[in-house]
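Below: coords01.cif (mmCIF, C-alpha atoms)
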```
data_work
loop_
_atom_site.label_atom_id
_atom_site.label_comp_id
_atom_site.auth_asym_id
_atom_site.auth_seq_id
_atom_site.Cartn_x
_atom_site.Cartn_y
_atom_site.Cartn_z
CA GLU N 638 -0.78 -7.65 -35.98
CA ILE N 639 1.53 -10.38 -34.77
CA SER N 640 -0.01 -12.92 -37.09
CA ALA N 641 0.54 -10.48 -39.94
CA TRP N 642 4.27 -10.47 -39.19
CA GLY N 643 4.21 -14.27 -39.03
CA SER N 644 2.70 -14.55 -42.47
CA LEU N 645 5.16 -11.98 -43.76
CA VAL N 646 8.10 -14.09 -42.64
CA ALA N 647 6.50 -17.19 -44.10
CA ARG N 648 6.14 -15.67 -47.53
CA ARG N 649 9.23 -15.11 -49.59
CA GLU N 650 8.50 -11.50 -50.46
CA ARG N 651 8.97 -8.99 -47.74
CA ASN N 652 6.21 -6.50 -48.20
CA LEU N 653 3.04 -6.20 -46.23
CA ARG N 654 0.26 -3.70 -46.26
CA GLN N 655 -2.32 -3.37 -43.62
CA LEU N 656 -5.03 -0.81 -43.05
CA TYR N 657 -5.93 -0.04 -39.48
CA PRO N 658 -9.60 0.21 -38.46
CA THR N 659 -9.33 3.94 -37.85
CA GLY N 660 -8.44 4.40 -41.51
CA THR N 661 -6.21 7.38 -40.82
CA SER N 662 -2.97 5.67 -41.77
CA LYS N 663 -1.50 2.84 -43.80
CA VAL N 664 1.16 0.68 -42.20
CA TYR N 665 3.82 -1.08 -44.26
CA GLY N 666 6.16 -3.70 -42.87
CA TYR N 667 9.39 -5.23 -44.18
CA VAL N 668 11.36 -7.98 -42.50
CA THR N 669 14.92 -9.03 -43.33
CA ASN N 670 16.60 -12.42 -43.14
CA SER N 671 18.26 -11.15 -39.98
CA LYS N 672 14.81 -10.69 -38.42
CA VAL N 673 15.08 -6.91 -38.47
CA LYS N 674 11.70 -5.27 -38.97
CA PHE N 675 11.14 -1.93 -40.65
CA VAL N 676 7.78 -0.27 -40.20
CA MET N 677 6.50 2.61 -42.30
CA VAL N 678 3.42 4.59 -41.33
CA VAL N 679 1.90 6.66 -44.11
CA ASP N 680 -0.96 9.07 -43.73
CA SER N 681 -4.06 7.90 -45.62
CA SER N 682 -4.36 11.23 -47.34
CA ASN N 683 -1.09 10.51 -49.17
CA THR N 684 -2.40 8.71 -52.24
CA ALA N 685 0.54 9.48 -54.48
CA LEU N 686 2.86 6.89 -52.94
CA ARG N 687 3.04 3.80 -55.17
CA ASP N 688 3.99 0.24 -54.22
CA ASN N 689 7.29 0.27 -56.05
CA GLU N 690 8.26 3.50 -54.30
CA ILE N 691 7.51 1.87 -50.95
CA ARG N 692 9.63 -1.11 -51.95
CA SER N 693 12.56 1.08 -52.97
CA MET N 694 12.33 3.01 -49.72
CA PHE N 695 12.53 -0.22 -47.75
CA ARG N 696 15.50 -1.28 -49.88
CA LYS N 697 17.29 1.99 -49.07
CA LEU N 698 16.56 1.50 -45.38
CA HIS N 699 17.87 -2.06 -45.53
CA ASN N 700 21.06 -0.97 -47.31
CA SER N 701 21.71 1.82 -44.81
CA TYR N 702 21.04 -0.53 -41.93
CA THR N 703 23.59 -2.98 -43.37
CA ASP N 704 26.13 -0.16 -43.52
CA VAL N 705 25.47 0.61 -39.86
CA MET N 706 26.06 -3.03 -38.98
CA CYS N 707 29.42 -2.95 -40.74
CA ASN N 708 30.53 0.24 -38.96
CA PRO N 709 33.36 -0.70 -36.58
CA PHE N 710 32.13 1.83 -34.02
CA TYR N 711 28.69 0.29 -33.87
CA THR N 712 27.90 -2.57 -31.47
CA PRO N 713 25.00 -4.68 -32.72
CA GLY N 714 21.99 -4.21 -30.49
CA ASP N 715 22.72 -0.59 -29.67
CA ARG N 716 20.44 2.25 -30.63
CA ILE N 717 21.46 3.59 -34.04
CA GLN N 718 23.16 6.97 -33.76
CA SER N 719 24.66 7.19 -37.21
CA ARG N 720 24.25 10.59 -38.83
CA ALA N 721 24.46 9.05 -42.29
CA PHE N 722 21.52 6.81 -41.44
CA ASP N 723 19.50 9.73 -40.04
CA ASN N 724 20.23 11.87 -43.09
CA MET N 725 19.09 9.11 -45.42
CA VAL N 726 15.82 8.72 -43.54
CA THR N 727 15.22 12.48 -43.39
CA SER N 728 15.85 12.96 -47.09
CA MET N 729 13.48 10.07 -47.90
CA MET N 730 10.74 11.61 -45.80
CA ILE N 731 11.23 15.04 -47.34
CA GLN N 732 10.93 13.55 -50.81
CA VAL N 733 7.65 11.92 -50.01
CA CYS N 734 5.81 14.50 -47.98
CA MET T 90 39.77 -8.78 -57.61
CA ALA T 91 40.13 -9.82 -53.98
CA ASP T 92 43.23 -11.88 -53.45
CA ALA T 93 42.48 -14.59 -50.93
CA VAL T 94 46.04 -14.75 -49.80
CA LEU T 95 45.80 -11.25 -48.27
CA PHE T 96 43.31 -12.46 -45.68
CA GLU T 97 45.35 -15.63 -45.06
CA PHE T 98 48.44 -13.55 -44.26
CA LEU T 99 46.44 -11.19 -42.06
CA HIS T 100 44.87 -14.15 -40.25
CA THR T 101 48.28 -15.71 -39.61
CA GLU T 102 49.51 -12.47 -38.02
CA MET T 103 46.32 -12.14 -35.99
CA VAL T 104 46.83 -15.62 -34.56
CA ALA T 105 50.47 -14.95 -33.76
CA GLU T 106 49.59 -11.69 -32.04
CA LEU T 107 46.36 -12.53 -30.24
CA TRP T 108 46.74 -16.08 -29.10
CA ALA T 109 47.54 -15.92 -25.40
CA HIS T 110 49.16 -18.43 -23.13
CA ASP T 111 47.21 -18.98 -19.97
CA PRO T 112 49.39 -17.23 -17.32
CA ASP T 113 48.45 -19.75 -14.64
CA PRO T 114 48.50 -23.22 -16.24
CA GLY T 115 47.28 -25.41 -13.36
CA PRO T 116 47.44 -29.20 -13.29
CA GLY T 117 46.11 -29.73 -16.82
CA GLY T 118 49.05 -28.03 -18.44
CA GLN T 119 49.04 -24.92 -20.56
CA ASN T 120 45.73 -23.73 -21.97
CA MET T 121 45.32 -21.46 -24.89
CA ASN T 122 43.12 -18.43 -24.51
CA LEU T 123 41.34 -18.21 -27.82
CA SER T 124 38.43 -16.03 -26.78
CA VAL T 125 39.86 -12.85 -28.31
CA LEU T 126 40.21 -14.50 -31.70
CA GLU T 127 36.75 -16.05 -31.39
CA SER T 128 35.15 -12.70 -30.49
CA MET T 129 36.78 -11.01 -33.46
CA GLY T 130 35.38 -13.69 -35.72
CA PHE T 131 32.01 -13.24 -34.06
CA ARG T 132 31.76 -9.52 -34.81
CA VAL T 133 32.93 -10.05 -38.40
CA GLY T 134 30.39 -12.85 -38.78
CA GLN T 135 27.60 -10.55 -37.60
CA ALA T 136 28.42 -7.92 -40.21
CA LEU T 137 29.05 -10.47 -42.98
CA GLY T 138 25.83 -12.31 -42.15
CA GLU T 139 23.89 -9.08 -42.44
CA ARG T 140 25.48 -8.02 -45.72
CA LEU T 141 25.44 -11.36 -47.53
CA ALA T 142 21.93 -12.35 -46.50
CA ARG T 143 20.52 -9.15 -47.89
CA GLU T 144 20.29 -10.41 -51.46
CA MET T 145 18.86 -13.78 -50.59
CA LEU T 146 15.26 -14.86 -50.57
CA ALA T 147 13.76 -15.27 -47.13
CA PHE T 148 15.13 -18.21 -45.15
CA ARG T 149 12.24 -20.47 -44.31
CA GLU T 150 13.87 -22.71 -41.71
CA GLU T 151 17.05 -23.44 -39.81
CA LEU T 152 18.42 -25.74 -42.49
CA ASP T 153 18.24 -22.88 -45.03
CA VAL T 154 20.49 -20.82 -42.77
CA LEU T 155 23.02 -23.63 -42.46
CA LYS T 156 23.01 -24.10 -46.24
CA PHE T 157 23.61 -20.36 -46.60
CA LEU T 158 26.67 -20.69 -44.33
CA CYS T 159 28.01 -23.64 -46.31
CA LYS T 160 27.50 -22.06 -49.70
CA ASP T 161 27.35 -18.28 -49.70
CA LEU T 162 29.29 -17.41 -46.56
CA TRP T 163 32.05 -19.94 -47.20
CA LEU T 164 32.30 -18.85 -50.84
CA ALA T 165 32.63 -15.20 -49.83
CA ALA T 166 35.19 -15.84 -47.10
CA PHE T 167 37.20 -18.74 -48.52
CA GLN T 168 36.41 -18.85 -52.25
CA LYS T 169 34.99 -22.35 -52.00
CA GLN T 170 31.94 -24.09 -50.64
CA MET T 171 31.82 -26.41 -47.66
CA ASP T 172 32.36 -30.00 -48.74
CA SER T 173 29.64 -31.58 -46.66
CA LEU T 174 26.87 -30.76 -44.22
CA ARG T 175 25.36 -33.37 -41.91
CA THR T 176 22.77 -33.07 -39.19
CA ASN T 177 21.02 -35.20 -36.65
CA HIS T 178 17.89 -33.07 -37.20
CA GLN T 179 17.95 -32.27 -33.51
CA GLY T 180 19.96 -29.07 -33.54
CA THR T 181 23.46 -30.42 -34.21
CA TYR T 182 25.20 -29.86 -37.52
CA VAL T 183 28.62 -30.96 -38.73
CA LEU T 184 30.17 -28.89 -41.50
CA GLN T 185 33.14 -30.52 -43.14
CA ASP T 186 35.79 -28.84 -45.23
CA ASN T 187 38.30 -31.30 -46.66
CA SER T 188 40.74 -28.63 -47.64
CA PHE T 189 40.31 -25.63 -45.37
CA PRO T 190 42.23 -22.68 -46.85
CA LEU T 191 43.52 -21.38 -43.50
CA LEU T 192 45.13 -24.76 -42.83
CA LEU T 193 46.61 -25.29 -46.28
CA PRO T 194 49.84 -23.35 -45.63
CA MET T 195 50.75 -25.89 -42.96
CA ALA T 196 52.00 -29.29 -44.01
CA ALA T 197 49.27 -31.87 -44.63
CA GLY T 198 48.98 -34.65 -42.10
CA LEU T 199 49.64 -34.69 -38.40
CA GLN T 200 52.80 -32.68 -37.89
CA TYR T 201 51.14 -29.45 -36.65
CA LEU T 202 48.00 -30.93 -35.14
CA GLU T 203 48.65 -29.42 -31.71
CA GLU T 204 48.90 -25.88 -33.05
CA VAL T 205 45.69 -26.08 -35.00
CA PRO T 206 43.05 -24.88 -32.50
CA LYS T 207 44.27 -21.31 -32.56
CA PHE T 208 43.98 -21.24 -36.33
CA LEU T 209 40.34 -22.22 -36.13
CA ALA T 210 39.12 -19.90 -33.38
CA PHE T 211 38.43 -16.92 -35.65
CA THR T 212 36.46 -19.06 -38.10
CA CYS T 213 34.37 -20.62 -35.32
CA GLY T 214 33.48 -17.11 -34.22
CA LEU T 215 32.68 -16.19 -37.81
CA LEU T 216 30.11 -18.97 -38.03
CA ARG T 217 28.66 -18.16 -34.61
CA GLY T 218 28.37 -14.45 -35.49
CA ALA T 219 26.63 -15.06 -38.79
CA LEU T 220 24.19 -17.46 -37.08
CA CYS T 221 23.55 -14.89 -34.35
CA THR T 222 22.66 -12.16 -36.79
CA LEU T 223 20.27 -14.54 -38.52
CA GLY T 224 18.51 -15.17 -35.25
CA ILE T 225 20.18 -18.41 -34.13
CA GLU T 226 22.10 -18.76 -30.88
CA SER T 227 24.71 -21.49 -31.08
CA MET T 228 27.98 -22.96 -29.95
CA VAL T 229 30.59 -23.63 -32.61
CA THR T 230 33.64 -25.82 -32.15
CA ALA T 231 36.14 -27.21 -34.60
CA SER T 232 38.16 -30.38 -34.79
CA VAL T 233 40.85 -31.70 -37.07
CA ALA T 234 41.68 -35.33 -37.66
CA ALA T 235 44.36 -34.63 -40.25
CA LEU T 236 45.30 -31.40 -41.96
CA PRO T 237 44.07 -29.74 -44.09
CA GLY T 238 40.62 -31.24 -43.49
CA CYS T 239 38.53 -29.91 -40.66
CA LYS T 240 35.06 -30.26 -39.16
CA PHE T 241 33.00 -27.48 -37.60
CA GLN T 242 30.37 -28.57 -35.15
CA VAL T 243 27.40 -26.27 -34.67
CA VAL T 244 25.07 -26.92 -31.76
CA ILE T 245 21.91 -24.80 -31.74
CA GLU T 246 20.89 -23.59 -28.31
CA ASN T 247 17.41 -24.16 -26.97
CA SER T 248 16.27 -26.49 -29.70
#
```
As C-alpha cells, please, write out the structure in this file.
Amino acid sequence: EISAWGSLVARRERNLRQLYPTGTSKVYGYVTNSKVKFVMVVDSSNTALRDNEIRSMFRKLHNSYTDVMCNPFYTPGDRIQSRAFDNMVTSMMIQVC
Amino acid sequence: MADAVLFEFLHTEMVAELWAHDPDPGPGGQNMNLSVLESMGFRVGQALGERLAREMLAFREELDVLKFLCKDLWLAAFQKQMDSLRTNHQGTYVLQDNSFPLLLPMAAGLQYLEEVPKFLAFTCGLLRGALCTLGIESMVTASVAALPGCKFQVVIENS
C-alpha cells in the first residue's frame, strides 16, 4: 500500500487504482502537490463508474478542499467541518450510487 | 483586472498598524515585534500555496517547489518573477528580487534601510506558509543591501 502511494507521487499523474485481495472493493487514490491524499473506495459490484468520472470526482474534491483552505475560519490541520464540503461529497455519492 | 497597487496600499497600512515596538527594550535597544505580520503572511501563504499549486504538474523534488515560488507564486503576488535563485544544494536557498514591489514606493538607496525589516515580514511569512503547505518546513529571513533590491533566505529544516 505504502509503496503504491510512493509510486503515485513519483509519477506526474495523480490517479491510482488498486484491487484488494478480497475483491469486494476497488480503491482509488489521488495525491496533491500539497501532499493531501484523497481515497475513494468503490464497491466492486459498481461497474458503471468510468475512469474519467473518477478523475472528475477527485478534481471536485480537490477544488472543494482548496476552498476550505482559503476559508478564514478554517485553521489548516483541523478536521474539516464545512457544510459546503459535506454537501458536495454527499451529492457526489448520491449521483454515483 | 487586479490592480497591484491595492495590495501595496493595504500592506503599507498593515505594517503601520501591526508593527509593534518592544515594550521593554533592554540593553540592545528597541526591537521590533514582527511576528504578527509574519504569521499573517504565513496563513496567506498556506492558502495561496494550496490554490496555485493545484493546476501544476506534480512537484518531483525540493527544487521544483522553490522554482514554483520564484515563478508562479511571485507572479501571482507581485506581477513579476524572482530575478535569481541560488542554492548550496544543502537546504539553503537565496531568492533575489532586484526590484521588490513592496519596497519600490520608498526611495532607492540607503535612506530608509532601518525601516525595511517590517516591510518584509509579511512576505517572509508568505514564503514560509507556501512552503509549509507543500510539505516543507523552513525558516525564511530577508535582507536588503540597497533598496529596492532584496534577498530572501530560505533554510530548509531537517535536511
| Evaluate the PyMOL selection byres ((chain N) within 6 of (chain T)) and report residues as a ChimeraX atom specification | /N:649,670-671,703,706-707
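What the PyMOL selection byres ((chain T and resi 181) around 10) grabs from this file is Arg175, Thr176, Asn177, His178, Gln179, Gly180, Tyr182, Val183, Ser227, Met228, Val229, Gln242, Val243, Val244, Ile245, Glu246 and Ser248 of chain T.
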Can you pull out every residue within 12 Å of Ser693 (chain N), counting only C-alpha atoms, but drop anything in the same chain fewer than 4 positions away, and send it as an mmCIF file with C-alpha atoms, in the frame of the given file?
```
data_model
loop_
_atom_site.group_PDB
_atom_site.id
_atom_site.type_symbol
_atom_site.label_atom_id
_atom_site.label_comp_id
_atom_site.auth_asym_id
_atom_site.auth_seq_id
_atom_site.Cartn_x
_atom_site.Cartn_y
_atom_site.Cartn_z
ATOM 1 C CA ARG N 651 8.970 -8.990 -47.740
ATOM 2 C CA ASN N 652 6.210 -6.500 -48.200
ATOM 3 C CA TYR N 667 9.390 -5.230 -44.180
ATOM 4 C CA LEU N 686 2.860 6.890 -52.940
ATOM 5 C CA ARG N 687 3.040 3.800 -55.170
ATOM 6 C CA ASP N 688 3.990 0.240 -54.220
ATOM 7 C CA ASN N 689 7.290 0.270 -56.050
ATOM 8 C CA LYS N 697 17.290 1.990 -49.070
ATOM 9 C CA LEU N 698 16.560 1.500 -45.380
ATOM 10 C CA HIS N 699 17.870 -2.060 -45.530
ATOM 11 C CA ASN N 700 21.060 -0.970 -47.310
ATOM 12 C CA MET N 729 13.480 10.070 -47.900
#
```
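The spacing separating CA of Val205 (chain T) from CA of Val233 (chain T) amounts to 7.7 Å.
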| request: Decode the PyMOL selection byres ((chain T and resi 194) around 12) for the given file into explicit residues and return them as number ranges by chain. | output: T: 94, 97-98, 100-101, 188-193, 195-198, 201, 205, 208, 236-237
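CA of Lys663 (chain N) is positioned 5.8 Å from CA of Val678 (chain N).
Atom pair CA of Tyr702 (chain N) / CA of Leu215 (chain T): separated by 19.9 Å.
Shortest separation to Ser682 (chain N) among N:Phe710, N:Asp715, N:Ser662, N:Met730 occurs at residue N:Ser662, atoms counted being all atoms listed in the file.
Each of N:Val676, N:Cys734, N:Thr684, N:Val705 was compared to Gln718 (chain N) using all atoms listed in the file, and N:Val705 turns out to be the nearest.
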| task | Identify the residues around (35.7, -22.7, -47.0) within a radius of 8 Å, measuring from all atoms listed in the file in the coordinates stated by the file, and give them as a ChimeraX atom specification. | result | /T:159,163-164,166-171,186,188-190
Rebuild region 185-202 of chain T so that it carries N, CA, C and O atoms, then output the result as a compact mmCIF listing (two decimals), in the coordinates of the input.
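Produced file result.txt, reproduced below:
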```txt
# COMPACT_ATOMS: atom_id res chain seq x y z
N GLN T 185 31.80 -29.98 -42.88
CA GLN T 185 33.14 -30.52 -43.14
C GLN T 185 33.79 -29.86 -44.35
O GLN T 185 33.20 -29.78 -45.43
N ASP T 186 35.01 -29.39 -44.13
CA ASP T 186 35.79 -28.84 -45.23
C ASP T 186 37.04 -29.70 -45.36
O ASP T 186 37.86 -29.77 -44.44
N ASN T 187 37.19 -30.37 -46.51
CA ASN T 187 38.30 -31.30 -46.66
C ASN T 187 39.62 -30.61 -46.94
O ASN T 187 40.67 -31.24 -46.89
N SER T 188 39.51 -29.31 -47.26
CA SER T 188 40.74 -28.63 -47.64
C SER T 188 40.62 -27.18 -47.21
O SER T 188 40.53 -26.28 -48.04
N PHE T 189 40.59 -26.96 -45.91
CA PHE T 189 40.31 -25.63 -45.37
C PHE T 189 41.46 -24.67 -45.66
O PHE T 189 42.60 -24.91 -45.24
N PRO T 190 41.16 -23.57 -46.39
CA PRO T 190 42.23 -22.68 -46.85
C PRO T 190 43.16 -22.15 -45.75
O PRO T 190 44.34 -21.94 -45.99
N LEU T 191 42.64 -21.93 -44.53
CA LEU T 191 43.52 -21.38 -43.50
C LEU T 191 44.47 -22.44 -42.95
O LEU T 191 45.40 -22.10 -42.22
N LEU T 192 44.22 -23.71 -43.30
CA LEU T 192 45.13 -24.76 -42.83
C LEU T 192 46.08 -25.22 -43.92
O LEU T 192 47.05 -25.93 -43.66
N LEU T 193 45.79 -24.82 -45.16
CA LEU T 193 46.61 -25.29 -46.28
C LEU T 193 48.09 -24.92 -46.18
O LEU T 193 48.94 -25.74 -46.53
N PRO T 194 48.42 -23.71 -45.68
CA PRO T 194 49.84 -23.35 -45.63
C PRO T 194 50.67 -24.27 -44.73
O PRO T 194 51.88 -24.35 -44.89
N MET T 195 49.99 -24.97 -43.81
CA MET T 195 50.75 -25.89 -42.96
C MET T 195 50.83 -27.24 -43.65
O MET T 195 49.97 -27.61 -44.41
N ALA T 196 51.83 -28.00 -43.34
CA ALA T 196 52.00 -29.29 -44.01
C ALA T 196 50.79 -30.18 -43.78
O ALA T 196 50.19 -30.16 -42.73
N ALA T 197 50.40 -30.95 -44.78
CA ALA T 197 49.27 -31.87 -44.63
C ALA T 197 49.66 -32.98 -43.68
O ALA T 197 50.84 -33.33 -43.56
N GLY T 198 48.67 -33.54 -42.98
CA GLY T 198 48.98 -34.65 -42.10
C GLY T 198 48.92 -34.26 -40.65
O GLY T 198 48.12 -33.44 -40.24
N LEU T 199 49.79 -34.83 -39.84
CA LEU T 199 49.64 -34.69 -38.40
C LEU T 199 50.72 -33.85 -37.72
O LEU T 199 50.71 -33.68 -36.52
N GLN T 200 51.65 -33.33 -38.51
CA GLN T 200 52.80 -32.68 -37.89
C GLN T 200 52.42 -31.52 -36.99
O GLN T 200 52.98 -31.34 -35.92
N TYR T 201 51.45 -30.65 -37.42
CA TYR T 201 51.14 -29.45 -36.65
C TYR T 201 49.81 -29.53 -35.93
O TYR T 201 49.23 -28.52 -35.57
N LEU T 202 49.33 -30.74 -35.71
CA LEU T 202 48.00 -30.93 -35.14
C LEU T 202 47.78 -30.15 -33.85
O LEU T 202 46.73 -29.59 -33.60
```
